[in-house]
Amino acid sequence: MQANRNRWLIAISAIALHLSIGSVYAYSVYQNPINDSVGWNITSVTVAFTVAIFFLGMSAAFMGKFVERNGPRKSGLISALLFGLGTIGAGFSIQIENFAMFVTFYGVIGGIGLGIGYIAPVSTLVKWFPDRRGLATGMAVLGFGSGALITSPLAEFLMNNVSIASTFYILGSLYFVLMIAGASYLAPPPEGWKPANMQTDSEKEKPRTAATDLAQLTANESLKTMRFYLLWVMMFINISAGIMLLAVAANMTETITGASSAFAATVVGVMGFFNGIGRIGWASFSDYIGRANMYIVFFVIQLGAFIALPFTTNEVMFSILLYLIMTCYGGGFACLPAFIGDLFGTKQLGAIHGYTLTAWAMAGIAGPTAVSMTFERTGEFTSAFVLFTILLAVALFAAILMKVNIKRVKQDTTTQMNVSA
């Protein structure tokens, strides 16, 4: 642990790591080219993405103790090795046309690298920014949401000029170098470290913490509360809806609006930008309106957008709706660690965050599978939009219940304090 490290450079290092692993969100640009060159159908190609997100969620959920024990630097280096190897191995699998190997490299090996790389900088930045919780968690995952912004047009360019296998070789090597550079500077602050403003204004710190955190619970204690399961359902649906779009964004844009593949690839790339903007923007805004209110806003926006999307044939309007959903998708991720701190305290935030991310693993299967299967059977996306509109209504109801539950817990705590006094 090094006290002399600049926490803003730590943030940049975290973003560099996440920019690489966030390239998974550009996966839809590979679907049609792989289908055309190797013959694997869209549903089969989507399996690798689904497996990658599943292993991302599961490894993030259960590798938290490993990251805390070994530190973010070593964890980041391991992530770089696994994710780089997974991407390069995926290219080799395409070259020899071995689908099982492709899923193993991209989905399993790369997915584990994704999970370790995701949680290492998140937990570290939360420790470096105790004074700006929402902003910190937004920065921590900004790069992840923005990864597709760089990868999508770059992958499109490479596939048009070299083979698909070579595209994976080149990208895998670039990811490895960028992740090594980012991981090398990562380090947690010393025990008990606080920024200067918190050291000189400790009186203001205490009421802020008391007003923000409902309780200080362990991970196992959090599992006994209604709040944990409401949060899990909210995250599962928010992630499923976002990943559903990310998995088939290019194909969906072409099918519904009749846009060209080049335009669709651009849309996918810009989606990454709005994913990233949503993470930093909504997370910072949640510091002012509260995380419970923020999630209600997320689901109201997405409900309206999902109802409108299948009827929107104008390319510009279709893109705007996708971008709006992406800000909510990214914002949901960015607000999550801060919301966990609000609900359960920071005693075991990393472990509770890991438990909650199992929703990501499940959503990584449910979202892409649902949209791919309905499209293969019907040739259109309307049925998928109906399904996810219903799910988003359920999520909105859960978010409202969460707000009611928080209010009740606060009232009970106030009553107990008055009785004790």
# chains A, B, ... in the order shown; residues from 1 in each chain; ligands from 1

call {"tool": "closest_atom_pairs", "arguments": {"of": "stretch 276-352 of chain A", "to": "stretch 385-394 of chain A", "cutoff": "10 Å", "atoms": "only C-alpha atoms", "output": "Markdown table"}}
result
| residue | atom | partner | partner_atom | distance |
| --- | --- | --- | --- | --- |
| A:Phe298 | CA | A:Leu392 | CA | 9.7 |
| A:Phe299 | CA | A:Leu392 | CA | 6.2 |
| A:Val300 | CA | A:Leu392 | CA | 8.4 |
| A:Ile301 | CA | A:Leu392 | CA | 9.9 |
| A:Gln302 | CA | A:Leu392 | CA | 7.3 |
| A:Leu303 | CA | A:Thr389 | CA | 6.0 |
| A:Gly304 | CA | A:Thr389 | CA | 8.6 |
| A:Ala305 | CA | A:Thr389 | CA | 9.1 |
| A:Phe306 | CA | A:Thr389 | CA | 6.0 |
| A:Ile307 | CA | A:Thr389 | CA | 6.6 |
| A:Ala308 | CA | A:Phe385 | CA | 9.3 |
| A:Leu309 | CA | A:Phe385 | CA | 8.0 |
| A:Pro310 | CA | A:Phe385 | CA | 7.1 |

call {"tool": "closest_atom_pairs", "arguments": {"of": "stretch 239-305 of chain A", "to": "stretch 347-364 of chain A", "cutoff": "8 Å", "atoms": "only C-alpha atoms", "output": "Markdown table"}}
result
| residue | atom | partner | partner_atom | distance |
| --- | --- | --- | --- | --- |
| A:Ile239 | CA | A:Ala363 | CA | 6.0 |
| A:Ser240 | CA | A:Ala363 | CA | 4.6 |
| A:Ile243 | CA | A:Gly364 | CA | 6.7 |

call {"tool": "select_by_dssp", "arguments": {"residues": "stretch 67-151 of chain A", "states": "alpha helix (DSSP H)", "output": "compact mmCIF listing (two decimals) with C-alpha atoms, in the first residue's frame"}}
result
# COMPACT_ATOMS: atom_id res chain seq x y z
CA VAL A 67 -8.69 -9.57 -4.89
CA GLU A 68 -8.65 -8.29 -1.29
CA ARG A 69 -6.01 -10.83 -0.28
CA ASN A 70 -3.68 -10.36 -3.27
CA GLY A 71 -4.31 -6.70 -4.06
CA PRO A 72 -5.58 -4.97 -7.21
CA ARG A 73 -2.21 -4.97 -8.99
CA LYS A 74 -1.72 -8.73 -8.99
CA SER A 75 -5.41 -9.28 -9.71
CA GLY A 76 -5.24 -6.86 -12.64
CA LEU A 77 -2.20 -8.63 -14.08
CA ILE A 78 -3.97 -11.99 -13.87
CA SER A 79 -7.00 -10.44 -15.54
CA ALA A 80 -4.79 -9.10 -18.36
CA LEU A 81 -3.30 -12.54 -18.93
CA LEU A 82 -6.66 -14.33 -18.99
CA PHE A 83 -8.53 -11.77 -21.08
CA GLY A 84 -5.71 -11.36 -23.58
CA LEU A 85 -5.33 -15.12 -23.88
CA GLY A 86 -9.09 -15.56 -24.24
CA THR A 87 -9.30 -13.04 -27.08
CA ILE A 88 -6.28 -14.39 -28.97
CA GLY A 89 -7.49 -17.95 -28.43
CA ALA A 90 -10.89 -16.99 -29.83
CA GLY A 91 -9.15 -15.85 -33.02
CA PHE A 92 -7.31 -19.15 -33.31
CA SER A 93 -10.59 -21.01 -32.77
CA ILE A 94 -12.18 -19.12 -35.65
CA GLN A 95 -9.17 -19.83 -37.82
CA PHE A 99 -16.82 -23.69 -32.07
CA ALA A 100 -16.29 -25.45 -28.71
CA MET A 101 -12.79 -23.98 -28.47
CA PHE A 102 -14.17 -20.54 -29.37
CA GLY A 110 -11.92 -14.49 -21.22
CA GLY A 111 -15.00 -14.33 -18.98
CA ILE A 112 -13.00 -15.14 -15.84
CA GLY A 113 -10.50 -12.45 -16.84
CA LEU A 114 -13.44 -10.06 -17.24
CA GLY A 115 -14.74 -10.77 -13.74
CA ILE A 116 -11.41 -10.38 -11.96
CA GLY A 117 -10.60 -7.25 -13.94
CA TYR A 118 -14.00 -5.75 -13.14
CA ILE A 119 -13.89 -5.96 -9.35
CA ALA A 120 -10.20 -5.14 -8.80
CA PRO A 121 -10.37 -1.41 -9.67
CA VAL A 122 -13.94 -0.96 -8.37
CA SER A 123 -13.15 -1.91 -4.79
CA THR A 124 -9.87 0.04 -4.93
CA LEU A 125 -11.45 3.28 -6.13
CA VAL A 126 -14.18 3.13 -3.49
CA LYS A 127 -11.39 3.09 -0.88
CA TRP A 128 -9.55 6.01 -2.51
CA ARG A 133 -18.97 7.59 -3.23
CA GLY A 134 -21.23 8.00 -6.26
CA LEU A 135 -18.56 9.72 -8.36
CA ALA A 136 -16.00 7.04 -7.45
CA THR A 137 -18.18 4.13 -8.47
CA GLY A 138 -19.07 5.99 -11.66
CA MET A 139 -15.40 6.41 -12.53
CA ALA A 140 -14.66 2.82 -11.62
CA LEU A 142 -16.75 4.33 -16.80
CA GLY A 143 -14.13 2.59 -18.88
CA PHE A 144 -16.04 -0.66 -18.93
CA GLY A 145 -19.10 0.98 -20.41
CA SER A 146 -17.01 2.95 -22.90
CA GLY A 147 -14.98 0.00 -24.19
CA ALA A 148 -17.26 -0.60 -27.16
CA LEU A 149 -16.80 3.01 -28.29
CA ILE A 150 -13.21 2.20 -29.25
CA THR A 151 -13.47 -1.49 -30.07

call {"tool": "closest_residue", "arguments": {"among": "A:Leu214, A:Leu245, A:Val268, A:Ile400", "to": "A:Glu156", "atoms": "only C-alpha atoms"}}
result
A:Val268

call {"tool": "residues_around", "arguments": {"residues": "stretch 34-45 of chain A", "least_positions_apart": "4", "cutoff": "10 Å", "atoms": "only C-alpha atoms", "output": "PyMOL selection string"}}
result
chain A and resi 27-30+49-50+94-99+102-103+163-165+248+251+368-369+371-373+375-376

call {"tool": "residues_around", "arguments": {"residues": "A:Ala398", "least_positions_apart": "5", "cutoff": "9 Å", "atoms": "only C-alpha atoms", "output": "PyMOL selection string"}}
result
chain A and resi 230-231+233-234+296+393+403

call {"tool": "residues_around", "arguments": {"residues": "A:Tyr329", "least_positions_apart": "3", "cutoff": "6 Å", "atoms": "only C-alpha atoms", "output": "number ranges by chain"}}
result
A: 242, 326, 332

call {"tool": "decode", "arguments": {"residues": "stretch 263-301 of chain A", "atoms": "N, CA and C atoms", "output": "compact mmCIF listing (two decimals), in the first residue's frame"}}
result
# COMPACT_ATOMS: atom_id res chain seq x y z
N PHE A 263 -23.54 1.78 -40.61
CA PHE A 263 -24.28 2.63 -39.68
C PHE A 263 -24.55 1.88 -38.38
N ALA A 264 -24.94 0.61 -38.49
CA ALA A 264 -25.23 -0.20 -37.32
C ALA A 264 -23.99 -0.35 -36.44
N ALA A 265 -22.83 -0.55 -37.06
CA ALA A 265 -21.58 -0.67 -36.30
C ALA A 265 -21.27 0.63 -35.57
N THR A 266 -21.56 1.75 -36.23
CA THR A 266 -21.35 3.06 -35.59
C THR A 266 -22.27 3.22 -34.38
N VAL A 267 -23.52 2.78 -34.54
CA VAL A 267 -24.48 2.85 -33.44
C VAL A 267 -23.97 2.06 -32.24
N VAL A 268 -23.44 0.85 -32.51
CA VAL A 268 -22.92 0.02 -31.43
C VAL A 268 -21.78 0.73 -30.71
N GLY A 269 -20.90 1.35 -31.47
CA GLY A 269 -19.78 2.06 -30.87
C GLY A 269 -20.23 3.23 -30.02
N VAL A 270 -21.18 4.02 -30.53
CA VAL A 270 -21.68 5.18 -29.79
C VAL A 270 -22.48 4.73 -28.57
N MET A 271 -23.10 3.56 -28.63
CA MET A 271 -23.79 3.01 -27.46
C MET A 271 -22.81 2.88 -26.30
N GLY A 272 -21.59 2.49 -26.61
CA GLY A 272 -20.57 2.38 -25.58
C GLY A 272 -20.28 3.72 -24.93
N PHE A 273 -20.29 4.77 -25.75
CA PHE A 273 -20.06 6.12 -25.21
C PHE A 273 -21.15 6.49 -24.21
N PHE A 274 -22.41 6.26 -24.60
CA PHE A 274 -23.52 6.62 -23.71
C PHE A 274 -23.59 5.69 -22.50
N ASN A 275 -23.17 4.46 -22.67
CA ASN A 275 -23.04 3.55 -21.54
C ASN A 275 -22.07 4.16 -20.52
N GLY A 276 -20.94 4.66 -21.00
CA GLY A 276 -19.96 5.28 -20.12
C GLY A 276 -20.45 6.59 -19.53
N ILE A 277 -21.09 7.44 -20.35
CA ILE A 277 -21.62 8.71 -19.85
C ILE A 277 -22.67 8.47 -18.77
N GLY A 278 -23.52 7.44 -18.98
CA GLY A 278 -24.53 7.12 -17.99
C GLY A 278 -23.91 6.71 -16.66
N ARG A 279 -22.79 6.03 -16.73
CA ARG A 279 -22.14 5.57 -15.52
C ARG A 279 -21.62 6.72 -14.67
N ILE A 280 -20.93 7.63 -15.29
CA ILE A 280 -20.38 8.74 -14.52
C ILE A 280 -21.45 9.80 -14.23
N GLY A 281 -22.34 10.04 -15.19
CA GLY A 281 -23.36 11.08 -15.03
C GLY A 281 -24.43 10.72 -14.02
N TRP A 282 -25.07 9.57 -14.23
CA TRP A 282 -26.13 9.16 -13.32
C TRP A 282 -25.60 8.89 -11.91
N ALA A 283 -24.40 8.28 -11.82
CA ALA A 283 -23.82 7.98 -10.50
C ALA A 283 -23.56 9.26 -9.72
N SER A 284 -23.03 10.28 -10.41
CA SER A 284 -22.79 11.56 -9.74
C SER A 284 -24.10 12.22 -9.34
N PHE A 285 -25.10 12.15 -10.23
CA PHE A 285 -26.41 12.73 -9.95
C PHE A 285 -27.10 12.04 -8.78
N SER A 286 -26.83 10.73 -8.62
CA SER A 286 -27.46 9.98 -7.53
C SER A 286 -26.99 10.47 -6.16
N ASP A 287 -25.82 11.13 -6.10
CA ASP A 287 -25.36 11.69 -4.84
C ASP A 287 -26.29 12.80 -4.36
N TYR A 288 -27.07 13.38 -5.29
CA TYR A 288 -27.96 14.49 -4.96
C TYR A 288 -29.40 14.05 -4.75
N ILE A 289 -29.90 13.10 -5.56
CA ILE A 289 -31.31 12.72 -5.44
C ILE A 289 -31.48 11.40 -4.69
N GLY A 290 -30.41 10.70 -4.41
CA GLY A 290 -30.50 9.43 -3.70
C GLY A 290 -30.59 8.26 -4.66
N ARG A 291 -29.96 7.15 -4.27
CA ARG A 291 -29.93 5.99 -5.14
C ARG A 291 -31.31 5.36 -5.34
N ALA A 292 -32.14 5.33 -4.33
CA ALA A 292 -33.47 4.73 -4.46
C ALA A 292 -34.29 5.46 -5.52
N ASN A 293 -34.27 6.78 -5.49
CA ASN A 293 -34.97 7.57 -6.50
C ASN A 293 -34.36 7.38 -7.88
N MET A 294 -33.03 7.22 -7.91
CA MET A 294 -32.33 7.07 -9.19
C MET A 294 -32.80 5.83 -9.92
N TYR A 295 -32.97 4.71 -9.21
CA TYR A 295 -33.39 3.47 -9.86
C TYR A 295 -34.83 3.55 -10.34
N ILE A 296 -35.67 4.28 -9.65
CA ILE A 296 -37.04 4.50 -10.14
C ILE A 296 -36.99 5.25 -11.46
N VAL A 297 -36.15 6.26 -11.55
CA VAL A 297 -35.99 7.02 -12.79
C VAL A 297 -35.50 6.10 -13.91
N PHE A 298 -34.54 5.23 -13.61
CA PHE A 298 -34.01 4.30 -14.62
C PHE A 298 -35.13 3.49 -15.26
N PHE A 299 -35.99 2.92 -14.44
CA PHE A 299 -37.00 2.00 -14.97
C PHE A 299 -38.15 2.72 -15.66
N VAL A 300 -38.46 3.93 -15.24
CA VAL A 300 -39.47 4.72 -15.94
C VAL A 300 -38.99 5.05 -17.35
N ILE A 301 -37.74 5.48 -17.46
CA ILE A 301 -37.17 5.83 -18.77
C ILE A 301 -37.15 4.60 -19.68
